[in-house]
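Working notes for the structure below.
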Amino acid sequence: MSSIQTTHVPAAAPGHGLPASLILLLAAGAGLSVASLYYAQPMLGVLGADIGASTRAVGFIPTLTQLGYALGILLLAPLGDRFDRRRIVLIKAGALCAALLVAGAAPSIGVLLAASLAIGLAATMAQDLVPAAATLAPDATRGKTVGTVMTGLLLGILLSRVVSGFVAEHFGWRAMFIAAAASIALIGAAAWRGLPRFRPTTHLAYGALLGSLGTLWSRHGTLRRAALAQALLAVGFSAFWSTLAVMLHGAPFHLGSAAAGAFGLAGAAGALAAPLAGRLADRRGPELVTRLGAGLALVSFAAMGLAPLMTPHAQLWLLALAAVGFDLGMQAALIAHQTIVYGIEPGARSRLNAVLFTSMFIGMATGSALGALVLAAWGWAGVTALATATATAALAVRLWPRQAT
């Protein structure tokens, strides 16, 4: 594989960074690929009834998707240091497109679950595009460029629910998977034309590359602490979003997938405010921001416990406000944890990032699985209790006296 950057990148004017078209490609690619993880969530209520699957079985669709993403980050993301990242992006785009098409044509819950795992693995192309932005951007505009691409990624996560809820309501859940495959095919074609080749930064064998992740984990208590706290927050976050559609589908709401998807707008409002957390971390330190983020998530989840005392209409408003709060808390904590982790060993940032995000998506997969089980056994009150407990644990991790690493 060539180590020479052969694809032409239009020259940027001094002080102006990368061309806007390339930044847009990176941001759109990151957003659309990671959105594939979440399209199914607002559709679970109607999907289960249509395919003849139980609530418990349907709950494992987001579980396997997020587990696949965690495995993909752990096993595939480090390859970006070893091979041409452009080729990796193109391969993953083809695999993701194929997996989405299989999901859209799935005749049974078993096929859909297998496709969900494959979608999670291939959607890790988002974790190749963000480091690509950092590599391509000049030093003077690197932060702004990466921030723009991360905004695309966050909007992909949150607005995916709005889009899928609307499409499923009007055209059916299978149409959403097919449309998603078409969007990835377009991104793949654009990346083939517009993304440059990348020089490998290491020649470590694959086993040694993965082995270095364990070395980093055992060496740095700061990394373990950040990964644990973010994973705990992810449990509650995922438990809410993976069960919301099923809860709204039943009494007393009887709402469709479009209503569940609309809650993504509330989450997007929280995520768009998250860059403020980055500025606060620069001024006051990331440790404070991790505590504020975990505390905000805790308060937001706990407030949902008041829902049984309210009318159905008031409950919907409470859920929307809580979604703004805990999404902001989750994203603020993530930005602060990234700041902490990237400062540990600058030469190993991609692998440190892999450890942090693998932990977070293991938390996501755990939250989806536990959320489905808890909802079936104890209803929405059980989901609220689960999310509140894990946010409390995350805050405790951040408040625990820091030890030397």
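By order of appearance in the structure tokens: chains A, B, ..., then residues from 1 within every chain, and ligands from 1 in the order shown.
Near segment 62-65 of chain A, within a cut-off of 9 Å and counting only C-alpha atoms, sit the residues Ser36, Leu37, Tyr38, Ala40, Gln41, Leu113, Ala114, Ala115, Ser116, Leu117, Ala118, Ile119, Gly120, Leu121, Ser238, Ser242, Met364, Ala365, Thr366, Gly367, Ser368 and Ala369 of chain A, with same-chain residues fewer than 6 positions away left out.
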The selected residues should be written to file as a compact mmCIF listing (two decimals), in the first residue's frame (atoms: C-alpha atoms).
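What landed in out33.txt:
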# COMPACT_ATOMS: atom_id res chain seq x y z
CA SER A 36 -26.55 4.44 10.83
CA LEU A 37 -26.22 3.33 14.45
CA TYR A 38 -29.38 5.14 15.50
CA ALA A 40 -33.52 1.88 14.17
CA GLN A 41 -34.23 3.33 17.60
CA LEU A 113 -29.88 -8.71 14.29
CA ALA A 114 -26.93 -9.98 12.21
CA ALA A 115 -27.19 -6.96 9.92
CA SER A 116 -27.28 -4.68 12.97
CA LEU A 117 -23.94 -6.07 14.18
CA ALA A 118 -22.44 -5.54 10.71
CA ILE A 119 -23.79 -1.98 10.57
CA GLY A 120 -22.04 -1.20 13.85
CA LEU A 121 -18.71 -2.60 12.65
CA SER A 238 -28.57 4.55 25.67
CA SER A 242 -33.31 2.66 22.96
CA MET A 364 -24.06 2.13 25.05
CA ALA A 365 -24.58 -1.56 24.23
CA THR A 366 -25.00 -2.40 27.91
CA GLY A 367 -27.54 0.39 28.30
CA SER A 368 -29.58 -0.84 25.35
CA ALA A 369 -29.64 -4.40 26.68
Might you pull out every residue within 8 Å of Ala226 of chain A, with only C-alpha atoms counted and same-chain residues fewer than 2 positions away left off, and present them as a PDB file with N, CA and C atoms, in the first residue's frame?
ATOM      1  N   THR A 222      -5.474   7.779  34.615  1.00  0.00           N
ATOM      2  CA  THR A 222      -6.311   8.864  34.096  1.00  0.00           C
ATOM      3  C   THR A 222      -7.174   8.373  32.939  1.00  0.00           C
ATOM      4  N   LEU A 223      -6.617   7.528  32.087  1.00  0.00           N
ATOM      5  CA  LEU A 223      -7.374   6.955  30.971  1.00  0.00           C
ATOM      6  C   LEU A 223      -8.474   6.033  31.493  1.00  0.00           C
ATOM      7  N   ARG A 224      -8.152   5.193  32.455  1.00  0.00           N
ATOM      8  CA  ARG A 224      -9.154   4.266  33.001  1.00  0.00           C
ATOM      9  C   ARG A 224     -10.302   5.027  33.650  1.00  0.00           C
ATOM     10  N   LEU A 228     -14.151   4.853  32.293  1.00  0.00           N
ATOM     11  CA  LEU A 228     -15.206   4.327  33.160  1.00  0.00           C
ATOM     12  C   LEU A 228     -16.334   5.332  33.335  1.00  0.00           C
ATOM     13  N   ALA A 229     -15.993   6.589  33.603  1.00  0.00           N
ATOM     14  CA  ALA A 229     -17.026   7.604  33.808  1.00  0.00           C
ATOM     15  C   ALA A 229     -17.862   7.801  32.549  1.00  0.00           C
ATOM     16  N   GLN A 230     -17.221   7.848  31.379  1.00  0.00           N
ATOM     17  CA  GLN A 230     -17.969   8.049  30.143  1.00  0.00           C
ATOM     18  C   GLN A 230     -18.829   6.839  29.821  1.00  0.00           C
ATOM     19  N   HIS A 337     -13.492  14.720  28.572  1.00  0.00           N
ATOM     20  CA  HIS A 337     -12.713  13.488  28.673  1.00  0.00           C
ATOM     21  C   HIS A 337     -11.744  13.353  27.503  1.00  0.00           C
ATOM     22  N   ILE A 340      -8.782  15.502  28.279  1.00  0.00           N
ATOM     23  CA  ILE A 340      -7.916  14.852  29.268  1.00  0.00           C
ATOM     24  C   ILE A 340      -7.095  13.738  28.625  1.00  0.00           C
ATOM     25  N   VAL A 341      -7.766  12.887  27.860  1.00  0.00           N
ATOM     26  CA  VAL A 341      -7.119  11.695  27.297  1.00  0.00           C
ATOM     27  C   VAL A 341      -6.074  12.073  26.257  1.00  0.00           C
ATOM     28  N   LEU A 356     -11.050   5.105  24.693  1.00  0.00           N
ATOM     29  CA  LEU A 356     -12.142   5.889  25.265  1.00  0.00           C
ATOM     30  C   LEU A 356     -13.470   5.557  24.591  1.00  0.00           C
TER      31      LEU A 356
END
message: Using only C-alpha atoms, which protein or nucleic acid residues come within 8 Å of Arg398 of chain A? Drop anything in the same chain fewer than 3 positions from it, and give the result as a ChimeraX atom specification.
response: /A:225,229,287,290-291,394-395
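Coordinates place atom CA of Gln127 of chain A at a distance of 9.2 Å from atom CA of Ser350 of chain A.
Near Ala77 of chain A, within 8 Å and counting only C-alpha atoms, sit Gly72, Ile73, Thr124, Gln127, Asp128, Ser350, Arg351 and Ala354 of chain A; same-chain residues fewer than 4 positions away were not included.
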Filtering to N, CA, C and O atoms, could you give me those residues as a compact mmCIF listing (two decimals), in the first residue's frame?
# COMPACT_ATOMS: atom_id res chain seq x y z
N GLY A 72 -15.68 -2.55 16.51
CA GLY A 72 -15.03 -1.94 15.35
C GLY A 72 -14.00 -0.90 15.75
O GLY A 72 -12.91 -0.82 15.16
N ILE A 73 -14.33 -0.09 16.76
CA ILE A 73 -13.37 0.90 17.24
C ILE A 73 -12.14 0.20 17.82
O ILE A 73 -10.99 0.59 17.57
N THR A 124 -17.88 2.45 11.86
CA THR A 124 -16.67 3.04 12.45
C THR A 124 -15.87 3.85 11.44
O THR A 124 -14.83 4.42 11.81
N GLN A 127 -14.95 7.10 12.75
CA GLN A 127 -13.75 7.24 13.57
C GLN A 127 -12.47 7.27 12.73
O GLN A 127 -11.38 7.43 13.27
N ASP A 128 -12.59 7.09 11.43
CA ASP A 128 -11.47 7.30 10.52
C ASP A 128 -11.49 8.71 9.94
O ASP A 128 -10.44 9.29 9.63
N SER A 350 -4.64 8.43 18.55
CA SER A 350 -5.67 7.62 17.90
C SER A 350 -5.98 6.37 18.72
O SER A 350 -7.14 5.95 18.82
N ARG A 351 -4.96 5.79 19.33
CA ARG A 351 -5.20 4.60 20.15
C ARG A 351 -5.86 4.96 21.49
O ARG A 351 -6.72 4.22 21.98
N ALA A 354 -9.35 5.33 20.69
CA ALA A 354 -9.99 4.03 20.51
C ALA A 354 -10.39 3.44 21.86
O ALA A 354 -11.48 2.88 22.00
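Distance-wise, atom CA of Ala99 of chain A and atom CA of Ala205 of chain A end up 28.5 Å apart.
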statement: A straight line from atom CA of Leu154 of chain A to atom CA of Met330 of chain A spans 11.4 Å
- prompt: Nearest to Val246 of chain A: which of A:Trp173, A:Trp380, A:Trp400, A:Phe83 is it, counting only C-alpha atoms?
  reply: A:Trp380
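Nearest to Leu96 of chain A of all the residues A:Leu233, A:Ala20, A:Ile184, A:Ala385 is A:Ile184, based on only C-alpha atoms.
Among A:Trp192, A:Tyr39, A:Trp217, A:Trp317, the residue with the shortest atom-to-atom distance to Met176 of chain A, counting only C-alpha atoms, is A:Tyr39.
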Just the residues within 8 Å of Ala57 of chain A, please, counting only C-alpha atoms, with nothing from its chain fewer than 4 positions along; format it as a PDB file with C-alpha atoms, in the first residue's frame.
ATOM      1  CA  ALA A  53     -40.653 -10.028  17.057  1.00  0.00           C
ATOM      2  CA  ILE A  61     -31.174  -4.420  17.617  1.00  0.00           C
ATOM      3  CA  ILE A 109     -35.471 -10.801  13.340  1.00  0.00           C
TER       4      ILE A 109
END
- request: Fewer than 6 positions away in the same chain doesn't count, so skip those; otherwise give me all residues within 12 Å of Thr392 of chain A, counting only C-alpha atoms, as a VMD selection string.
  value: chain A and resid 229 to 230 232 to 233 235 to 236 291 293 to 302 385 to 386 398 to 399
Based on the selection just made, write C-alpha atoms of those residues as a CSV table (one decimal), in the first residue's frame.
chain,number,residue,atom,x,y,z
A,229,ALA,CA,-17.0,7.6,33.8
A,230,GLN,CA,-18.0,8.0,30.1
A,232,LEU,CA,-21.4,4.9,32.9
A,233,LEU,CA,-23.0,8.0,31.4
A,235,VAL,CA,-25.5,3.4,29.9
A,236,GLY,CA,-28.2,5.8,31.0
A,291,ARG,CA,-18.2,16.9,37.0
A,293,GLY,CA,-21.6,17.2,32.8
A,294,ALA,CA,-22.2,14.1,35.0
A,295,GLY,CA,-24.1,16.2,37.5
A,296,LEU,CA,-26.4,17.7,34.8
A,297,ALA,CA,-27.1,14.2,33.4
A,298,LEU,CA,-27.9,13.0,37.0
A,299,VAL,CA,-30.3,15.8,37.6
A,300,SER,CA,-32.0,15.4,34.2
A,301,PHE,CA,-32.5,11.6,34.6
A,302,ALA,CA,-33.7,12.0,38.2
A,385,ALA,CA,-33.9,4.4,38.0
A,386,LEU,CA,-31.3,2.7,35.9
A,398,ARG,CA,-15.2,12.1,38.7
A,399,LEU,CA,-15.4,13.2,42.4
message: If DSSP is run on the backbone, what residues of segment 223-367 of chain A are alpha helix (DSSP H)? A reply as a PyMOL selection string would be ideal.
response: chain A and resi 223-249+257-272+275-284+286-303+312-342+349-367
